[in-house]
$ cat data39.tsv   # TSV, C-alpha atoms
chain	number	residue	atom	x	y	z
A	1	MET	CA	88.61	95.01	91.47
A	2	PRO	CA	87.97	92.01	93.79
A	3	VAL	CA	85.68	93.90	96.17
A	4	LEU	CA	84.22	90.75	97.72
A	5	GLU	CA	87.66	89.29	98.46
A	6	VAL	CA	88.81	92.52	100.13
A	7	ILE	CA	85.65	92.70	102.28
A	8	CYS	CA	86.03	89.04	103.27
A	9	SER	CA	89.67	89.69	104.16
A	10	LEU	CA	88.73	92.68	106.32
A	11	ILE	CA	86.03	90.67	108.10
A	12	GLY	CA	88.41	87.75	108.56
A	13	TRP	CA	91.14	89.87	110.20
A	14	PHE	CA	88.57	91.59	112.41
A	15	CYS	CA	87.14	88.22	113.51
A	16	LEU	CA	90.64	87.00	114.29
A	17	TYR	CA	91.15	90.13	116.40
A	18	LEU	CA	87.91	89.43	118.30
A	19	LEU	CA	89.05	85.84	118.88
A	20	PHE	CA	92.34	87.05	120.34
A	21	ARG	CA	90.48	89.61	122.47
A	22	CYS	CA	88.36	86.84	123.97
A	23	THR	CA	91.37	84.58	124.49
A	24	PHE	CA	93.69	87.25	125.94
A	25	ALA	CA	91.15	89.61	127.49
A	26	GLN	CA	93.46	90.43	130.41
A	27	ARG	CA	96.24	91.59	128.09
A	28	GLY	CA	94.48	94.57	126.53
A	29	PRO	CA	93.54	95.42	122.93
A	30	GLU	CA	97.07	96.12	121.64
A	31	TRP	CA	98.21	92.61	122.56
A	32	SER	CA	95.44	91.17	120.35
A	33	CYS	CA	96.13	93.59	117.52
A	34	ARG	CA	99.83	92.69	117.60
A	35	LEU	CA	98.91	89.02	117.34
A	36	VAL	CA	96.82	89.79	114.27
A	37	THR	CA	99.76	91.76	112.83
A	38	LEU	CA	102.09	88.85	113.55
A	39	SER	CA	99.67	86.40	111.91
A	40	HIS	CA	99.36	88.61	108.84
A	41	GLY	CA	103.13	89.10	108.64
A	42	VAL	CA	103.88	85.37	108.65
A	43	GLY	CA	100.99	84.50	106.34
A	44	ILE	CA	101.53	87.21	103.73
A	45	VAL	CA	105.31	86.61	103.60
A	46	LEU	CA	104.70	82.93	102.85
A	47	LEU	CA	102.00	83.75	100.30
A	48	THR	CA	103.97	86.43	98.45
A	49	ALA	CA	107.11	84.27	98.57
A	50	TYR	CA	105.17	81.58	96.68
A	51	VAL	CA	103.90	84.22	94.24
A	52	LEU	CA	107.40	85.58	93.61
A	53	PHE	CA	109.63	82.49	93.63
A	54	ILE	CA	107.30	79.74	92.38
A	55	ASP	CA	104.19	81.03	90.63
A	56	GLY	CA	105.86	84.04	88.97
A	57	PRO	CA	106.46	86.09	86.97
A	58	TRP	CA	109.78	87.49	88.24
A	59	PRO	CA	109.19	91.14	89.28
A	60	PHE	CA	112.69	92.35	88.35
A	61	THR	CA	112.10	91.50	84.70
A	62	HIS	CA	108.30	91.65	84.40
A	63	ALA	CA	107.38	94.85	86.25
A	64	GLY	CA	104.15	96.35	84.94
A	65	THR	CA	102.71	93.11	83.55
A	66	GLU	CA	99.09	91.99	83.95
A	67	ASN	CA	98.07	90.62	87.35
A	68	THR	CA	97.66	86.90	87.86
A	69	GLU	CA	94.86	85.33	89.92
A	70	LEU	CA	97.20	84.50	92.79
A	71	GLN	CA	98.63	88.02	92.80
A	72	ILE	CA	95.10	89.44	92.98
A	73	PHE	CA	94.25	87.12	95.87
A	74	SER	CA	97.44	88.08	97.75
A	75	LEU	CA	96.78	91.79	97.26
A	76	ALA	CA	93.16	91.43	98.42
A	77	VAL	CA	94.23	89.61	101.60
A	78	CYS	CA	96.83	92.28	102.34
A	79	LEU	CA	94.50	95.19	101.55
A	80	GLY	CA	91.86	93.89	103.94
A	81	TYR	CA	94.48	93.70	106.68
A	82	PHE	CA	95.73	97.25	106.07
A	83	PHE	CA	92.17	98.58	106.23
A	84	PHE	CA	91.72	96.82	109.57
A	85	ASP	CA	95.06	97.92	111.03
A	86	LEU	CA	94.78	101.54	109.88
A	87	GLY	CA	91.32	101.78	111.42
A	88	TRP	CA	92.57	100.23	114.66
A	89	CYS	CA	95.58	102.56	114.85
A	90	VAL	CA	93.44	105.64	114.24
A	91	ARG	CA	90.90	104.45	116.82
A	92	HIS	CA	93.48	103.75	119.55
A	93	HIS	CA	96.09	106.43	118.66
A	94	THR	CA	99.02	104.00	118.90
A	95	GLU	CA	101.09	105.02	115.86
A	96	GLY	CA	102.80	108.19	114.72
A	97	PRO	CA	102.42	110.02	111.40
A	98	VAL	CA	105.19	108.08	109.62
A	99	MET	CA	103.58	104.69	110.26
A	100	LEU	CA	100.14	106.02	109.35
A	101	ALA	CA	101.61	107.41	106.13
A	102	HIS	CA	103.13	103.99	105.42
A	103	HIS	CA	99.74	102.31	105.89
A	104	ALA	CA	98.01	104.91	103.70
A	105	ALA	CA	100.64	104.57	100.96
A	106	SER	CA	100.36	100.77	101.09
A	107	ILE	CA	96.57	100.95	100.74
A	108	VAL	CA	96.78	103.35	97.78
A	109	GLY	CA	99.47	101.26	96.07
A	110	ILE	CA	97.52	98.00	96.42
A	111	LEU	CA	94.30	99.69	95.32
A	112	LEU	CA	95.99	101.05	92.18
A	113	ALA	CA	97.42	97.64	91.30
A	114	LEU	CA	93.99	96.02	91.71
A	115	LEU	CA	92.04	98.75	89.90
A	116	MET	CA	94.41	98.95	86.93
A	117	GLY	CA	94.96	95.19	86.75
A	118	VAL	CA	98.74	95.54	86.30
A	119	SER	CA	101.94	95.74	88.40
A	120	GLY	CA	100.79	92.98	90.73
A	121	CYS	CA	104.15	91.21	90.64
A	122	GLU	CA	106.21	94.19	91.84
A	123	THR	CA	103.52	95.15	94.35
A	124	CYS	CA	103.73	91.63	95.83
A	125	CYS	CA	107.52	92.03	95.86
A	126	VAL	CA	107.21	95.27	97.84
A	127	ILE	CA	104.79	93.60	100.27
A	128	PHE	CA	107.19	90.68	100.73
A	129	GLY	CA	110.11	93.02	101.43
A	130	SER	CA	108.07	95.21	103.75
A	131	GLU	CA	106.53	92.41	105.78
A	132	ILE	CA	109.50	90.03	106.10
A	133	THR	CA	110.79	92.03	109.08
A	134	ASN	CA	107.35	92.47	110.65
A	135	PRO	CA	107.29	89.20	112.66
A	136	LEU	CA	110.61	90.20	114.26
A	137	LEU	CA	109.21	93.63	115.12
A	138	GLN	CA	106.19	92.04	116.81
A	139	THR	CA	108.39	89.48	118.59
A	140	ARG	CA	110.44	92.36	119.98
A	141	TRP	CA	107.26	94.01	121.31
A	142	PHE	CA	106.07	90.79	122.98
A	143	LEU	CA	109.50	90.20	124.54
A	144	ARG	CA	109.41	93.68	126.07
A	145	ARG	CA	105.92	93.10	127.50
A	146	LEU	CA	106.99	89.73	128.95
A	147	GLY	CA	110.19	91.16	130.47
A	148	LEU	CA	112.44	89.01	128.25
A	149	TYR	CA	113.85	91.70	125.99
A	150	ASP	CA	116.93	92.71	128.01
A	151	GLY	CA	119.14	89.76	127.23
A	152	LEU	CA	120.66	87.63	124.51
A	153	LEU	CA	117.29	86.84	122.93
A	154	GLY	CA	116.36	90.50	122.59
A	155	ASP	CA	119.79	91.30	121.12
A	156	ALA	CA	119.44	88.47	118.58
A	157	VAL	CA	115.99	89.68	117.49
A	158	ASP	CA	117.25	93.26	117.08
A	159	LEU	CA	120.34	92.20	115.15
A	160	LEU	CA	118.32	89.98	112.80
A	161	PHE	CA	115.71	92.72	112.32
A	162	ILE	CA	118.29	95.39	111.44
A	163	SER	CA	120.19	93.02	109.13
A	164	LEU	CA	117.04	91.91	107.29
A	165	PHE	CA	115.72	95.45	106.96
A	166	ALA	CA	119.00	96.78	105.55
A	167	THR	CA	119.52	93.80	103.23
A	168	VAL	CA	116.01	93.16	101.92
A	169	ARG	CA	114.00	96.34	102.29
A	170	VAL	CA	116.79	98.78	101.43
A	171	GLY	CA	119.27	96.64	99.47
A	172	VAL	CA	116.94	94.49	97.37
A	173	GLY	CA	114.37	97.29	97.52
A	174	THR	CA	116.79	99.60	95.71
A	175	VAL	CA	117.16	97.07	92.88
A	176	MET	CA	113.37	96.67	92.66
A	177	PHE	CA	112.94	100.45	92.67
A	178	TYR	CA	115.39	100.81	89.78
A	179	CYS	CA	113.69	98.03	87.78
A	180	GLU	CA	110.30	99.65	88.29
A	181	LEU	CA	111.50	103.10	87.23
A	182	THR	CA	113.23	101.79	84.10
A	183	SER	CA	110.47	99.38	83.04
A	184	PRO	CA	108.61	100.65	79.95
A	185	ARG	CA	105.47	98.74	81.02
A	186	THR	CA	105.08	100.33	84.48
A	187	THR	CA	102.62	103.23	84.54
A	188	LEU	CA	103.67	106.66	85.80
A	189	VAL	CA	101.34	106.52	88.79
A	190	MET	CA	102.86	103.22	89.96
A	191	LYS	CA	106.35	104.68	89.54
A	192	LEU	CA	105.33	107.63	91.73
A	193	GLY	CA	103.98	105.17	94.28
A	194	GLY	CA	107.32	103.37	94.19
A	195	VAL	CA	109.09	106.65	94.93
A	196	ALA	CA	106.84	107.21	97.97
A	197	MET	CA	107.38	103.69	99.37
A	198	TYR	CA	111.13	103.84	98.73
A	199	GLY	CA	111.33	107.20	100.50
A	200	LEU	CA	109.44	105.81	103.52
A	201	ALA	CA	111.81	102.83	103.62
A	202	TRP	CA	114.75	105.20	104.00
A	203	VAL	CA	112.95	107.17	106.73
A	204	PHE	CA	112.56	103.90	108.67
A	205	MET	CA	116.16	102.93	107.89
A	206	VAL	CA	117.51	106.16	109.39
A	207	ASP	CA	115.45	105.62	112.56
A	208	ILE	CA	116.62	102.01	112.80
A	209	ALA	CA	120.26	103.02	112.30
A	210	ARG	CA	119.96	105.56	115.11
A	211	PHE	CA	118.41	102.94	117.36
A	212	GLY	CA	121.17	100.44	116.55
A	213	TYR	CA	123.88	103.03	117.23
A	214	LYS	CA	122.38	104.07	120.57
A	215	LYS	CA	121.89	100.48	121.71
A	216	SER	CA	125.42	99.45	120.67
A	217	ARG	CA	126.90	102.48	122.41
A	218	ALA	CA	124.95	101.80	125.60
A	219	LYS	CA	126.03	98.13	125.61
A	220	TYR	CA	129.69	99.08	125.04
A	221	LYS	CA	129.53	101.62	127.87
A	222	ARG	CA	128.01	99.01	130.20
A	223	TRP	CA	130.67	96.48	129.17
A	224	ARG	CA	133.46	98.98	129.93
A	225	GLU	CA	132.01	99.80	133.33
A	226	ASN	CA	131.69	96.10	134.21
A	227	HIS	CA	135.23	95.43	132.95
A	228	GLN	CA	136.67	98.31	134.98
A	229	LEU	CA	134.76	97.17	138.06
A	230	LYS	CA	136.07	93.63	137.62
A	231	ASP	CA	139.65	94.89	137.25
A	232	SER	CA	139.22	97.06	140.35
A	233	ASN	CA	137.91	94.14	142.41
A	234	THR	CA	140.78	91.94	141.23
A	235	LYS	CA	143.33	94.61	142.17
A	236	ASN	CA	141.77	95.08	145.62
A	237	TRP	CA	141.84	91.32	146.20
A	238	MET	CA	145.52	91.15	145.22
A	239	ASP	CA	146.38	94.09	147.51
A	240	LYS	CA	144.67	92.38	150.43
A	241	SER	CA	146.49	89.15	149.67
A	242	ASP	CA	149.85	90.98	149.84

$ encode --input "data39.tsv" --output "structure tokens"
Amino acid sequence: MPVLEVICSLIGWFCLYLLFRCTFAQRGPEWSCRLVTLSHGVGIVLLTAYVLFIDGPWPFTHAGTENTELQIFSLAVCLGYFFFDLGWCVRHHTEGPVMLAHHAASIVGILLALLMGVSGCETCCVIFGSEITNPLLQTRWFLRRLGLYDGLLGDAVDLLFISLFATVRVGVGTVMFYCELTSPRTTLVMKLGGVAMYGLAWVFMVDIARFGYKKSRAKYKRWRENHQLKDSNTKNWMDKSD
């Protein structure tokens, strides 16, 4: 268990938060925490992508194998962040029970992989799939705070977020979940953890689908109203011309 690496990671994310608080003091604490979350999302996606696609081994065929040094480092960096973010969310009461459960499950899963010394490759795969949509989620929050969300840019961010979530976290996540369950090397406790994370992914997917449906319906309704108004104005103009 790389205790020192996890502690250094926690301290590092907290120091980054303090730096953002000093830089953006007028914005409030959540602004700084979201910047830390964005930084972690981008950094850990790049790091786990290197672990998965370059350093190896391939998680779909080597689930349950012994952890590599780079996998251990990636998990330690991520665990320190989750400790920081869970503490911040509990302190400021900004998240609901589902998100807190996701953080708690992530912490337990990473801790198990580090303590047992196995299943690092599929744990990094889960982190990659979970965090790849995170920068878009934070971008959406910043756009709303800056008053830039209601427009083409906000629609593009939402569309890309929903597409990535459905494709990677649910689509590829289902394949990873199957590989983990059928792997003879994966321990029972890690398989149970996979069930929990996969279930949470579907809870998020249902919420996202509802959001996408409501937003699409609202935009279609607004388009119809504008179209009818335009037709009405055109008809009135033609009647006056006659």

$ closest_residue --input "data39.tsv" --among "A:Ala209, A:Val157, A:Met116, A:Val203" --to "Asn134 (chain A)" --atoms "all atoms listed in the file"
A:Val157

$ atom_distance --input "data39.tsv" --atom1 "CA of Val168 (chain A)" --atom2 "CA of Gly129 (chain A)"
5.9 Å

$ axis_aligned_box --input "data39.tsv" --around "region 120-138 of chain A" --padding-each-side "4 Å" --output "JSON"
{"center_x": 105.8, "center_y": 92.2, "center_z": 103.7, "size_x": 18.0, "size_y": 14.1, "size_z": 34.2}

$ closest_residue --input "data39.tsv" --among "A:Trp31, A:Tyr213, A:Tyr198, A:Phe142" --to "Tyr178 (chain A)" --atoms "only C-alpha atoms"
A:Tyr198

$ residues_around --input "data39.tsv" --residues "Asp158 (chain A)" --least-positions-apart "3" --cutoff "12 Å" --atoms "all atoms listed in the file" --output "PyMOL selection string"
chain A and resi 133-141+143-144+149-155+161-165+208-209+211-213+215-216

$ atom_distance --input "data39.tsv" --atom1 "CA of Pro29 (chain A)" --atom2 "CA of Tyr17 (chain A)"
8.7 Å

$ closest_residue --input "data39.tsv" --among "A:Phe60, A:Trp202, A:Phe73, A:Tyr81" --to "Ser9 (chain A)" --atoms "all atoms listed in the file"
A:Tyr81

$ atom_distance --input "data39.tsv" --atom1 "CA of Cys78 (chain A)" --atom2 "CA of Phe24 (chain A)"
24.3 Å

$ residues_around --input "data39.tsv" --residues "Gly80 (chain A)" --least-positions-apart "5" --cutoff "12 Å" --atoms "all atoms listed in the file" --output "list of chain:residue names"
A:Pro2, A:Val3, A:Leu4, A:Glu5, A:Val6, A:Ile7, A:Cys8, A:Ser9, A:Leu10, A:Ile11, A:Gly12, A:Trp13, A:Phe14, A:His40, A:Ile44, A:Phe73, A:Ser74, A:Leu75, A:Asp85, A:Leu86, A:Gly87, A:His103, A:Ser106, A:Ile107, A:Ile110, A:Leu111

$ residues_around --input "data39.tsv" --residues "Ala105 (chain A)" --least-positions-apart "6" --cutoff "10 Å" --atoms "all atoms listed in the file" --output "PDB file with C-alpha atoms, in the coordinates of the input"
ATOM      1  CA  MET A  99     103.580 104.690 110.260  1.00  0.00           C
ATOM      2  CA  LEU A 111      94.300  99.690  95.320  1.00  0.00           C
ATOM      3  CA  GLY A 193     103.980 105.170  94.280  1.00  0.00           C
ATOM      4  CA  GLY A 194     107.320 103.370  94.190  1.00  0.00           C
ATOM      5  CA  ALA A 196     106.840 107.210  97.970  1.00  0.00           C
ATOM      6  CA  MET A 197     107.380 103.690  99.370  1.00  0.00           C
ATOM      7  CA  LEU A 200     109.440 105.810 103.520  1.00  0.00           C
TER       8      LEU A 200
END

$ closest_residue --input "data39.tsv" --among "A:Cys179, A:Ala101, A:Met190, A:Trp88" --to "Leu115 (chain A)" --atoms "all atoms listed in the file"
A:Met190

$ residues_around --input "data39.tsv" --residues "Cys89 (chain A)" --least-positions-apart "4" --cutoff "10 Å" --atoms "only C-alpha atoms" --output "list of chain:residue names"
A:Glu30, A:Cys33, A:Phe84, A:Asp85, A:His93, A:Thr94, A:Glu95, A:Gly96, A:Met99, A:Leu100, A:His103

$ closest_residue --input "data39.tsv" --among "A:Gly56, A:Gly64, A:Gly43, A:Gly28" --to "Ser183 (chain A)" --atoms "all atoms listed in the file"
A:Gly64

$ residues_around --input "data39.tsv" --residues "Met176 (chain A)" --least-positions-apart "3" --cutoff "12 Å" --atoms "only C-alpha atoms" --output "ChimeraX atom specification"
/A:58-63,121-129,168-173,179-183,191,194-195,197-198

$ closest_residue --input "data39.tsv" --among "A:Leu112, A:Arg34, A:Gly41, A:Ser119" --to "Pro57 (chain A)" --atoms "only C-alpha atoms"
A:Ser119

$ decode --input "data39.tsv" --residues "region 60-179 of chain A" --atoms "C-alpha atoms" --output "mmCIF file, in the first residue's frame"
data_model
loop_
_atom_site.group_PDB
_atom_site.id
_atom_site.type_symbol
_atom_site.label_atom_id
_atom_site.label_comp_id
_atom_site.auth_asym_id
_atom_site.auth_seq_id
_atom_site.Cartn_x
_atom_site.Cartn_y
_atom_site.Cartn_z
ATOM 1 C CA PHE A 60 -10.052 -6.805 -21.194
ATOM 2 C CA THR A 61 -7.701 -9.786 -21.329
ATOM 3 C CA HIS A 62 -5.613 -9.354 -18.160
ATOM 4 C CA ALA A 63 -8.196 -8.506 -15.491
ATOM 5 C CA GLY A 64 -7.040 -9.568 -12.036
ATOM 6 C CA THR A 65 -3.316 -9.501 -12.801
ATOM 7 C CA GLU A 66 -0.640 -8.046 -10.505
ATOM 8 C CA ASN A 67 -0.357 -4.259 -10.360
ATOM 9 C CA THR A 68 2.440 -2.482 -12.183
ATOM 10 C CA GLU A 69 4.358 0.486 -10.757
ATOM 11 C CA LEU A 70 2.597 2.947 -13.056
ATOM 12 C CA GLN A 71 -0.809 1.523 -12.168
ATOM 13 C CA ILE A 72 -0.002 1.922 -8.467
ATOM 14 C CA PHE A 73 1.094 5.517 -9.035
ATOM 15 C CA SER A 74 -2.087 6.308 -11.007
ATOM 16 C CA LEU A 75 -4.303 4.771 -8.329
ATOM 17 C CA ALA A 76 -2.489 6.689 -5.564
ATOM 18 C CA VAL A 77 -2.928 10.003 -7.394
ATOM 19 C CA CYS A 78 -6.624 9.298 -7.925
ATOM 20 C CA LEU A 79 -7.215 8.083 -4.364
ATOM 21 C CA GLY A 80 -5.712 11.246 -2.900
ATOM 22 C CA TYR A 81 -8.051 13.318 -5.052
ATOM 23 C CA PHE A 82 -11.142 11.344 -4.023
ATOM 24 C CA PHE A 83 -10.240 11.763 -0.351
ATOM 25 C CA PHE A 84 -9.958 15.512 -0.907
ATOM 26 C CA ASP A 85 -13.167 15.842 -2.932
ATOM 27 C CA LEU A 86 -15.262 13.651 -0.628
ATOM 28 C CA GLY A 87 -14.131 15.685 2.368
ATOM 29 C CA TRP A 88 -14.899 18.940 0.548
ATOM 30 C CA CYS A 89 -18.359 17.754 -0.531
ATOM 31 C CA VAL A 90 -19.244 16.610 2.987
ATOM 32 C CA ARG A 91 -17.950 19.889 4.440
ATOM 33 C CA HIS A 92 -19.886 22.123 2.019
ATOM 34 C CA HIS A 93 -22.972 19.908 1.432
ATOM 35 C CA THR A 94 -22.862 20.340 -2.352
ATOM 36 C CA GLU A 95 -23.599 16.785 -3.532
ATOM 37 C CA GLY A 96 -26.461 14.350 -3.113
ATOM 38 C CA PRO A 97 -26.349 10.764 -1.841
ATOM 39 C CA VAL A 98 -25.748 9.206 -5.279
ATOM 40 C CA MET A 99 -22.583 11.227 -5.927
ATOM 41 C CA LEU A 100 -21.338 10.636 -2.385
ATOM 42 C CA ALA A 101 -21.948 6.911 -2.870
ATOM 43 C CA HIS A 102 -19.972 7.069 -6.123
ATOM 44 C CA HIS A 103 -17.043 8.727 -4.328
ATOM 45 C CA ALA A 104 -17.188 6.202 -1.481
ATOM 46 C CA ALA A 105 -17.333 3.253 -3.896
ATOM 47 C CA SER A 106 -14.406 4.671 -5.876
ATOM 48 C CA ILE A 107 -12.324 5.040 -2.708
ATOM 49 C CA VAL A 108 -13.105 1.483 -1.576
ATOM 50 C CA GLY A 109 -12.368 0.052 -5.027
ATOM 51 C CA ILE A 110 -9.010 1.822 -5.337
ATOM 52 C CA LEU A 111 -8.075 0.895 -1.767
ATOM 53 C CA LEU A 112 -8.819 -2.779 -2.444
ATOM 54 C CA ALA A 113 -6.731 -2.768 -5.628
ATOM 55 C CA LEU A 114 -3.805 -1.177 -3.771
ATOM 56 C CA LEU A 115 -4.067 -3.356 -0.655
ATOM 57 C CA MET A 116 -4.390 -6.638 -2.554
ATOM 58 C CA GLY A 117 -1.829 -5.682 -5.194
ATOM 59 C CA VAL A 118 -3.987 -6.960 -8.070
ATOM 60 C CA SER A 119 -6.690 -5.728 -10.488
ATOM 61 C CA GLY A 120 -4.896 -2.445 -11.089
ATOM 62 C CA CYS A 121 -5.392 -2.616 -14.860
ATOM 63 C CA GLU A 122 -9.193 -2.892 -14.756
ATOM 64 C CA THR A 123 -9.385 -0.350 -11.930
ATOM 65 C CA CYS A 124 -7.450 2.125 -14.107
ATOM 66 C CA CYS A 125 -9.835 1.264 -16.951
ATOM 67 C CA VAL A 126 -12.830 2.096 -14.749
ATOM 68 C CA ILE A 127 -11.183 5.370 -13.681
ATOM 69 C CA PHE A 128 -10.507 6.274 -17.319
ATOM 70 C CA GLY A 129 -14.118 5.571 -18.308
ATOM 71 C CA SER A 130 -15.512 7.406 -15.294
ATOM 72 C CA GLU A 131 -13.355 10.505 -15.621
ATOM 73 C CA ILE A 132 -13.339 10.991 -19.404
ATOM 74 C CA THR A 133 -16.672 12.833 -19.199
ATOM 75 C CA ASN A 134 -15.710 14.821 -16.099
ATOM 76 C CA PRO A 135 -14.004 17.757 -17.891
ATOM 77 C CA LEU A 136 -17.179 18.250 -19.954
ATOM 78 C CA LEU A 137 -19.297 18.204 -16.794
ATOM 79 C CA GLN A 138 -17.103 20.882 -15.214
ATOM 80 C CA THR A 139 -17.080 22.928 -18.442
ATOM 81 C CA ARG A 140 -20.884 22.868 -18.381
ATOM 82 C CA TRP A 141 -20.868 24.187 -14.801
ATOM 83 C CA PHE A 142 -18.458 27.018 -15.652
ATOM 84 C CA LEU A 143 -20.498 27.966 -18.737
ATOM 85 C CA ARG A 144 -23.615 28.271 -16.583
ATOM 86 C CA ARG A 145 -21.816 30.472 -14.049
ATOM 87 C CA LEU A 146 -20.444 32.696 -16.838
ATOM 88 C CA GLY A 147 -23.844 33.000 -18.549
ATOM 89 C CA LEU A 148 -22.637 31.206 -21.699
ATOM 90 C CA TYR A 149 -24.553 27.957 -21.352
ATOM 91 C CA ASP A 150 -27.766 28.882 -23.196
ATOM 92 C CA GLY A 151 -26.479 28.686 -26.734
ATOM 93 C CA LEU A 152 -24.695 26.566 -29.293
ATOM 94 C CA LEU A 153 -21.648 26.031 -27.067
ATOM 95 C CA GLY A 154 -23.739 24.702 -24.192
ATOM 96 C CA ASP A 155 -25.654 22.401 -26.555
ATOM 97 C CA ALA A 156 -22.388 21.056 -27.998
ATOM 98 C CA VAL A 157 -20.980 20.334 -24.525
ATOM 99 C CA ASP A 158 -24.181 18.540 -23.471
ATOM 100 C CA LEU A 159 -24.344 16.483 -26.663
ATOM 101 C CA LEU A 160 -20.698 15.439 -26.392
ATOM 102 C CA PHE A 161 -21.122 14.616 -22.690
ATOM 103 C CA ILE A 162 -24.190 12.423 -23.255
ATOM 104 C CA SER A 163 -22.584 10.684 -26.249
ATOM 105 C CA LEU A 164 -19.331 9.974 -24.396
ATOM 106 C CA PHE A 165 -21.113 8.776 -21.276
ATOM 107 C CA ALA A 166 -23.361 6.384 -23.208
ATOM 108 C CA THR A 167 -20.542 5.114 -25.433
ATOM 109 C CA VAL A 168 -17.645 4.811 -22.995
ATOM 110 C CA ARG A 169 -19.053 4.512 -19.499
ATOM 111 C CA VAL A 170 -22.075 2.368 -20.369
ATOM 112 C CA GLY A 171 -21.089 0.762 -23.693
ATOM 113 C CA VAL A 172 -17.415 -0.013 -23.125
ATOM 114 C CA GLY A 173 -18.142 -0.280 -19.397
ATOM 115 C CA THR A 174 -20.499 -3.194 -20.069
ATOM 116 C CA VAL A 175 -17.739 -5.050 -21.939
ATOM 117 C CA MET A 176 -15.284 -4.370 -19.098
ATOM 118 C CA PHE A 177 -17.858 -5.504 -16.546
ATOM 119 C CA TYR A 178 -18.370 -8.788 -18.417
ATOM 120 C CA CYS A 179 -14.614 -9.383 -18.718
#
